[in-house]
Amino acid sequence: MVEWTRLEPWRVARGRTDRDETVIIKWMGSHAGAAQTEAWRLRTEVAALRFLSEDLGLGLAPRVLAEDFAAGRVILEDLAPRTALDVLLRRDGAEPHAERLVAFARARGELGAFTAGRAEPYYRRRSRLGTVDPAADRLGRVAGLRRTGLSQTEVLGVPVSGAVEHDLALALAELSDPGPFLALSSGDPEANNVLVHAGGAADARLIDFRRPNARPLPHLAGLCSHLAEALRHRWPDTDVDLTTVAPYTPRRR
């Protein structure tokens, strides 16, 4: 490297090589409150990015150029001159960047579509870099509900038991084994983690795969659909726009 510029506040820098090429360098550091170690997160990001680019041939995220786990560093493709979508939204508002928001949604959709049903090869690649528990990984942040969910409700004075406890167990089981609807998620799919061109075609790229996992989001959509049908069965006028009804009389059992 002949030049190195820190991209505050992250543990990320842009480097320039002696060939006048720019790359992105990421390194490990302390992370208060993190559920996983930084070494685990670095290995997970490398596995996810190589899985997307090398196993699936997708250009949705930066390519891994090199990694040194002993030193706690990884070198990635530089996606400049793209910029983070959230920067554009805060500066200009959403309306001028509708096309870029669509590109963000499309990239997220493509990530799910191309990785659905590919959990086995992903976890096979990830396991080569260190031990991983696929079942716990699929639950992600929801995994803690198995251990703390019931006790937390007791602290609030509303202990869970009986049918509710059974439903919670069923929901967690569904999330941990969603069948063909399992797809890869970056773990933090926010507007600050997608890079787009500020002008012309957006050409979106997803970044920050330090906490990726295979998530059953389509099944959650199915659950919402079932709940909506249950509401319509109980109250046939569920879809009526009440703002157009005057006066409105509250429903009674």
# chains A, B, ... in the order shown; residues from 1 in each chain; ligands from 1
call {"tool": "residues_around", "arguments": {"residues": "Leu85 (chain A)", "least_positions_apart": "6", "cutoff": "12 Å", "atoms": "only C-alpha atoms", "output": "MDAnalysis selection string"}}
result
chainID A and resid 91:94 96:105 189:199 202:207
call {"tool": "write_last_selection", "arguments": {"atoms": "N, CA, C and O atoms", "output": "CSV table (one decimal), in the first residue's frame"}}
result
chain,number,residue,atom,x,y,z
A,91,ARG,N,-29.7,13.9,2.7
A,91,ARG,CA,-29.3,15.2,2.1
A,91,ARG,C,-30.5,15.7,1.3
A,91,ARG,O,-30.8,16.9,1.3
A,92,ASP,N,-31.2,14.8,0.5
A,92,ASP,CA,-32.2,15.3,-0.5
A,92,ASP,C,-33.6,14.9,-0.2
A,92,ASP,O,-34.5,15.3,-0.9
A,93,GLY,N,-33.8,13.9,0.7
A,93,GLY,CA,-35.1,13.3,0.9
A,93,GLY,C,-35.3,12.2,0.0
A,93,GLY,O,-34.5,11.9,-0.9
A,94,ALA,N,-36.4,11.5,0.2
A,94,ALA,CA,-36.6,10.2,-0.6
A,94,ALA,C,-37.1,10.4,-2.0
A,94,ALA,O,-36.7,9.7,-2.9
A,96,PRO,N,-36.3,12.5,-4.6
A,96,PRO,CA,-35.3,12.5,-5.7
A,96,PRO,C,-34.6,11.2,-5.9
A,96,PRO,O,-34.0,11.0,-7.0
A,97,HIS,N,-34.7,10.3,-5.0
A,97,HIS,CA,-33.9,9.0,-5.1
A,97,HIS,C,-34.9,7.8,-5.1
A,97,HIS,O,-34.5,6.7,-4.6
A,98,ALA,N,-36.0,8.0,-5.6
A,98,ALA,CA,-37.0,6.9,-5.7
A,98,ALA,C,-36.4,5.7,-6.5
A,98,ALA,O,-36.5,4.5,-6.2
A,99,GLU,N,-35.7,6.0,-7.6
A,99,GLU,CA,-35.1,5.0,-8.4
A,99,GLU,C,-34.0,4.2,-7.6
A,99,GLU,O,-33.9,3.0,-7.8
A,100,ARG,N,-33.3,4.9,-6.8
A,100,ARG,CA,-32.3,4.2,-6.0
A,100,ARG,C,-32.9,3.4,-4.9
A,100,ARG,O,-32.3,2.3,-4.5
A,101,LEU,N,-34.0,3.8,-4.3
A,101,LEU,CA,-34.7,3.0,-3.4
A,101,LEU,C,-35.2,1.7,-4.0
A,101,LEU,O,-35.2,0.6,-3.4
A,102,VAL,N,-35.7,1.9,-5.2
A,102,VAL,CA,-36.2,0.7,-6.0
A,102,VAL,C,-35.0,-0.3,-6.2
A,102,VAL,O,-35.1,-1.5,-6.1
A,103,ALA,N,-33.8,0.3,-6.6
A,103,ALA,CA,-32.7,-0.5,-6.8
A,103,ALA,C,-32.2,-1.3,-5.5
A,103,ALA,O,-31.8,-2.4,-5.6
A,104,PHE,N,-32.4,-0.6,-4.4
A,104,PHE,CA,-32.1,-1.2,-3.1
A,104,PHE,C,-33.0,-2.4,-2.9
A,104,PHE,O,-32.6,-3.5,-2.5
A,105,ALA,N,-34.3,-2.2,-3.1
A,105,ALA,CA,-35.3,-3.2,-2.9
A,105,ALA,C,-35.0,-4.4,-3.8
A,105,ALA,O,-35.1,-5.6,-3.5
A,189,PRO,N,-29.9,-5.0,7.0
A,189,PRO,CA,-30.3,-4.5,5.7
A,189,PRO,C,-30.9,-3.1,5.7
A,189,PRO,O,-32.1,-2.9,5.4
A,190,GLU,N,-30.1,-2.1,6.1
A,190,GLU,CA,-30.5,-0.8,6.2
A,190,GLU,C,-29.9,0.1,5.0
A,190,GLU,O,-29.0,-0.4,4.3
A,191,ALA,N,-30.4,1.3,4.9
A,191,ALA,CA,-30.0,2.1,3.8
A,191,ALA,C,-28.6,2.5,3.9
A,191,ALA,O,-28.0,2.9,2.8
A,192,ASN,N,-28.0,2.5,5.0
A,192,ASN,CA,-26.5,2.8,5.2
A,192,ASN,C,-25.7,1.6,4.7
A,192,ASN,O,-24.4,1.8,4.5
A,193,ASN,N,-26.3,0.5,4.4
A,193,ASN,CA,-25.5,-0.7,4.0
A,193,ASN,C,-25.8,-1.1,2.6
A,193,ASN,O,-25.7,-2.2,2.2
A,194,VAL,N,-26.1,-0.1,1.8
A,194,VAL,CA,-26.2,-0.3,0.3
A,194,VAL,C,-25.6,0.9,-0.3
A,194,VAL,O,-25.8,2.1,0.0
A,195,LEU,N,-24.7,0.6,-1.3
A,195,LEU,CA,-24.0,1.7,-2.0
A,195,LEU,C,-24.6,1.8,-3.4
A,195,LEU,O,-24.8,0.8,-4.1
A,196,VAL,N,-24.9,3.1,-3.8
A,196,VAL,CA,-25.5,3.3,-5.2
A,196,VAL,C,-24.7,4.5,-5.8
A,196,VAL,O,-24.1,5.3,-5.1
A,197,HIS,N,-24.9,4.6,-7.1
A,197,HIS,CA,-24.4,5.8,-7.8
A,197,HIS,C,-25.3,7.0,-7.6
A,197,HIS,O,-26.5,6.8,-7.7
A,198,ALA,N,-24.8,8.1,-7.3
A,198,ALA,CA,-25.6,9.3,-7.0
A,198,ALA,C,-26.3,9.8,-8.3
A,198,ALA,O,-27.3,10.5,-8.2
A,199,GLY,N,-25.8,9.5,-9.4
A,199,GLY,CA,-26.4,9.9,-10.7
A,199,GLY,C,-26.4,8.8,-11.7
A,199,GLY,O,-25.6,7.9,-11.6
A,202,ALA,N,-28.4,3.4,-10.8
A,202,ALA,CA,-28.0,3.2,-9.4
A,202,ALA,C,-27.0,2.1,-9.2
A,202,ALA,O,-26.0,2.3,-8.4
A,203,ASP,N,-27.2,1.0,-9.9
A,203,ASP,CA,-26.2,-0.2,-9.8
A,203,ASP,C,-25.8,-0.5,-8.4
A,203,ASP,O,-24.7,-0.4,-8.0
A,204,ALA,N,-26.9,-0.8,-7.6
A,204,ALA,CA,-26.7,-1.0,-6.1
A,204,ALA,C,-25.8,-2.2,-5.8
A,204,ALA,O,-25.8,-3.2,-6.5
A,205,ARG,N,-25.1,-2.0,-4.7
A,205,ARG,CA,-24.3,-3.1,-4.1
A,205,ARG,C,-24.5,-3.2,-2.6
A,205,ARG,O,-24.6,-2.1,-1.9
A,206,LEU,N,-24.7,-4.3,-2.1
A,206,LEU,CA,-25.0,-4.5,-0.6
A,206,LEU,C,-23.6,-4.7,0.1
A,206,LEU,O,-22.7,-5.4,-0.4
A,207,ILE,N,-23.5,-4.1,1.3
A,207,ILE,CA,-22.3,-4.2,2.1
A,207,ILE,C,-22.6,-4.6,3.5
A,207,ILE,O,-23.7,-4.7,3.9
call {"tool": "select_by_dssp", "arguments": {"residues": "region 18-240 of chain A", "states": "strand (DSSP E or B)", "output": "PyMOL selection string"}}
result
chain A and resi 22-27+64-68+73-77+83-84+183-185+194-196+205-206+213-215
call {"tool": "atom_distance", "arguments": {"atom1": "CA of Gly117 (chain A)", "atom2": "CA of Asp177 (chain A)"}}
result
11.7 Å
call {"tool": "residues_around", "arguments": {"residues": "region 45-60 of chain A", "least_positions_apart": "5", "cutoff": "8 Å", "atoms": "only C-alpha atoms", "output": "list in words"}}
result
Glu67, Val74, Ala107, Leu111, Phe114, Tyr122, Arg125, Arg126, Leu129, Ala204, Arg205, Leu206, Asp208, Phe209, Arg210, Arg211 and Pro212 of chain A
call {"tool": "closest_residue", "arguments": {"among": "A:Gly149, A:Gly157, A:Gly29, A:Pro178", "to": "Val12 (chain A)", "atoms": "only C-alpha atoms"}}
result
A:Gly29
call {"tool": "residues_around", "arguments": {"residues": "Arg6 (chain A)", "least_positions_apart": "5", "cutoff": "10 Å", "atoms": "only C-alpha atoms", "output": "list in words"}}
result
Arg11, Val12, Ala13, Arg14, Gly15, Ile24, Ile25 and Lys26 of chain A
call {"tool": "atom_distance", "arguments": {"atom1": "CA of Glu8 (chain A)", "atom2": "CA of Thr44 (chain A)"}}
result
22.5 Å
call {"tool": "atom_distance", "arguments": {"atom1": "CA of Asp133 (chain A)", "atom2": "CA of Leu42 (chain A)"}}
result
16.2 Å
call {"tool": "residues_around", "arguments": {"residues": "Met1 (chain A)", "least_positions_apart": "3", "cutoff": "9 Å", "atoms": "only C-alpha atoms", "output": "ChimeraX atom specification"}}
result
/A:4,15-18
call {"tool": "write_last_selection", "arguments": {"atoms": "all heavy atoms", "output": "PDB file, in the first residue's frame"}}
result
ATOM      1  N   TRP A   4      -3.109   5.263   2.559  1.00  0.00           N
ATOM      2  CA  TRP A   4      -4.078   4.654   3.468  1.00  0.00           C
ATOM      3  C   TRP A   4      -4.914   5.765   4.079  1.00  0.00           C
ATOM      4  O   TRP A   4      -4.385   6.669   4.724  1.00  0.00           O
ATOM      5  CB  TRP A   4      -3.323   3.874   4.539  1.00  0.00           C
ATOM      6  CG  TRP A   4      -4.134   3.319   5.670  1.00  0.00           C
ATOM      7  CD1 TRP A   4      -4.728   4.020   6.668  1.00  0.00           C
ATOM      8  CD2 TRP A   4      -4.394   1.944   5.941  1.00  0.00           C
ATOM      9  NE1 TRP A   4      -5.350   3.171   7.550  1.00  0.00           N
ATOM     10  CE2 TRP A   4      -5.160   1.887   7.131  1.00  0.00           C
ATOM     11  CE3 TRP A   4      -4.056   0.755   5.309  1.00  0.00           C
ATOM     12  CZ2 TRP A   4      -5.590   0.682   7.687  1.00  0.00           C
ATOM     13  CZ3 TRP A   4      -4.486  -0.436   5.869  1.00  0.00           C
ATOM     14  CH2 TRP A   4      -5.241  -0.471   7.037  1.00  0.00           C
ATOM     15  N   GLY A  15      -7.370   1.982   0.708  1.00  0.00           N
ATOM     16  CA  GLY A  15      -5.945   1.952   0.418  1.00  0.00           C
ATOM     17  C   GLY A  15      -5.689   2.066  -1.070  1.00  0.00           C
ATOM     18  O   GLY A  15      -6.537   1.701  -1.893  1.00  0.00           O
ATOM     19  N   ARG A  16      -4.518   2.586  -1.412  1.00  0.00           N
ATOM     20  CA  ARG A  16      -4.113   2.687  -2.816  1.00  0.00           C
ATOM     21  C   ARG A  16      -2.835   1.872  -3.001  1.00  0.00           C
ATOM     22  O   ARG A  16      -1.872   2.014  -2.242  1.00  0.00           O
ATOM     23  CB  ARG A  16      -3.882   4.141  -3.206  1.00  0.00           C
ATOM     24  CG  ARG A  16      -3.589   4.337  -4.702  1.00  0.00           C
ATOM     25  CD  ARG A  16      -3.498   5.813  -5.048  1.00  0.00           C
ATOM     26  NE  ARG A  16      -4.752   6.495  -4.774  1.00  0.00           N
ATOM     27  CZ  ARG A  16      -5.802   6.498  -5.604  1.00  0.00           C
ATOM     28  NH1 ARG A  16      -5.731   5.837  -6.755  1.00  0.00           N
ATOM     29  NH2 ARG A  16      -6.893   7.153  -5.289  1.00  0.00           N
ATOM     30  N   THR A  17      -2.848   1.008  -4.012  1.00  0.00           N
ATOM     31  CA  THR A  17      -1.700   0.139  -4.252  1.00  0.00           C
ATOM     32  C   THR A  17      -0.686   0.831  -5.158  1.00  0.00           C
ATOM     33  O   THR A  17      -0.942   1.907  -5.710  1.00  0.00           O
ATOM     34  CB  THR A  17      -2.150  -1.172  -4.918  1.00  0.00           C
ATOM     35  OG1 THR A  17      -2.559  -0.897  -6.270  1.00  0.00           O
ATOM     36  CG2 THR A  17      -3.316  -1.796  -4.160  1.00  0.00           C
ATOM     37  N   ASP A  18       0.469   0.174  -5.329  1.00  0.00           N
ATOM     38  CA  ASP A  18       1.495   0.739  -6.207  1.00  0.00           C
ATOM     39  C   ASP A  18       1.095   0.649  -7.675  1.00  0.00           C
ATOM     40  O   ASP A  18       1.789   1.173  -8.551  1.00  0.00           O
ATOM     41  CB  ASP A  18       2.840   0.045  -5.976  1.00  0.00           C
ATOM     42  CG  ASP A  18       2.748  -1.467  -6.121  1.00  0.00           C
ATOM     43  OD1 ASP A  18       1.659  -1.970  -6.486  1.00  0.00           O
ATOM     44  OD2 ASP A  18       3.759  -2.145  -5.861  1.00  0.00           O
TER      45      ASP A  18
END
call {"tool": "select_by_dssp", "arguments": {"residues": "region 28-232 of chain A", "states": "helix (DSSP H, G or I)", "output": "ChimeraX atom specification"}}
result
/A:38-55,85-92,95-115,119-127,134-155,162-176,179-181,191-193,217-232
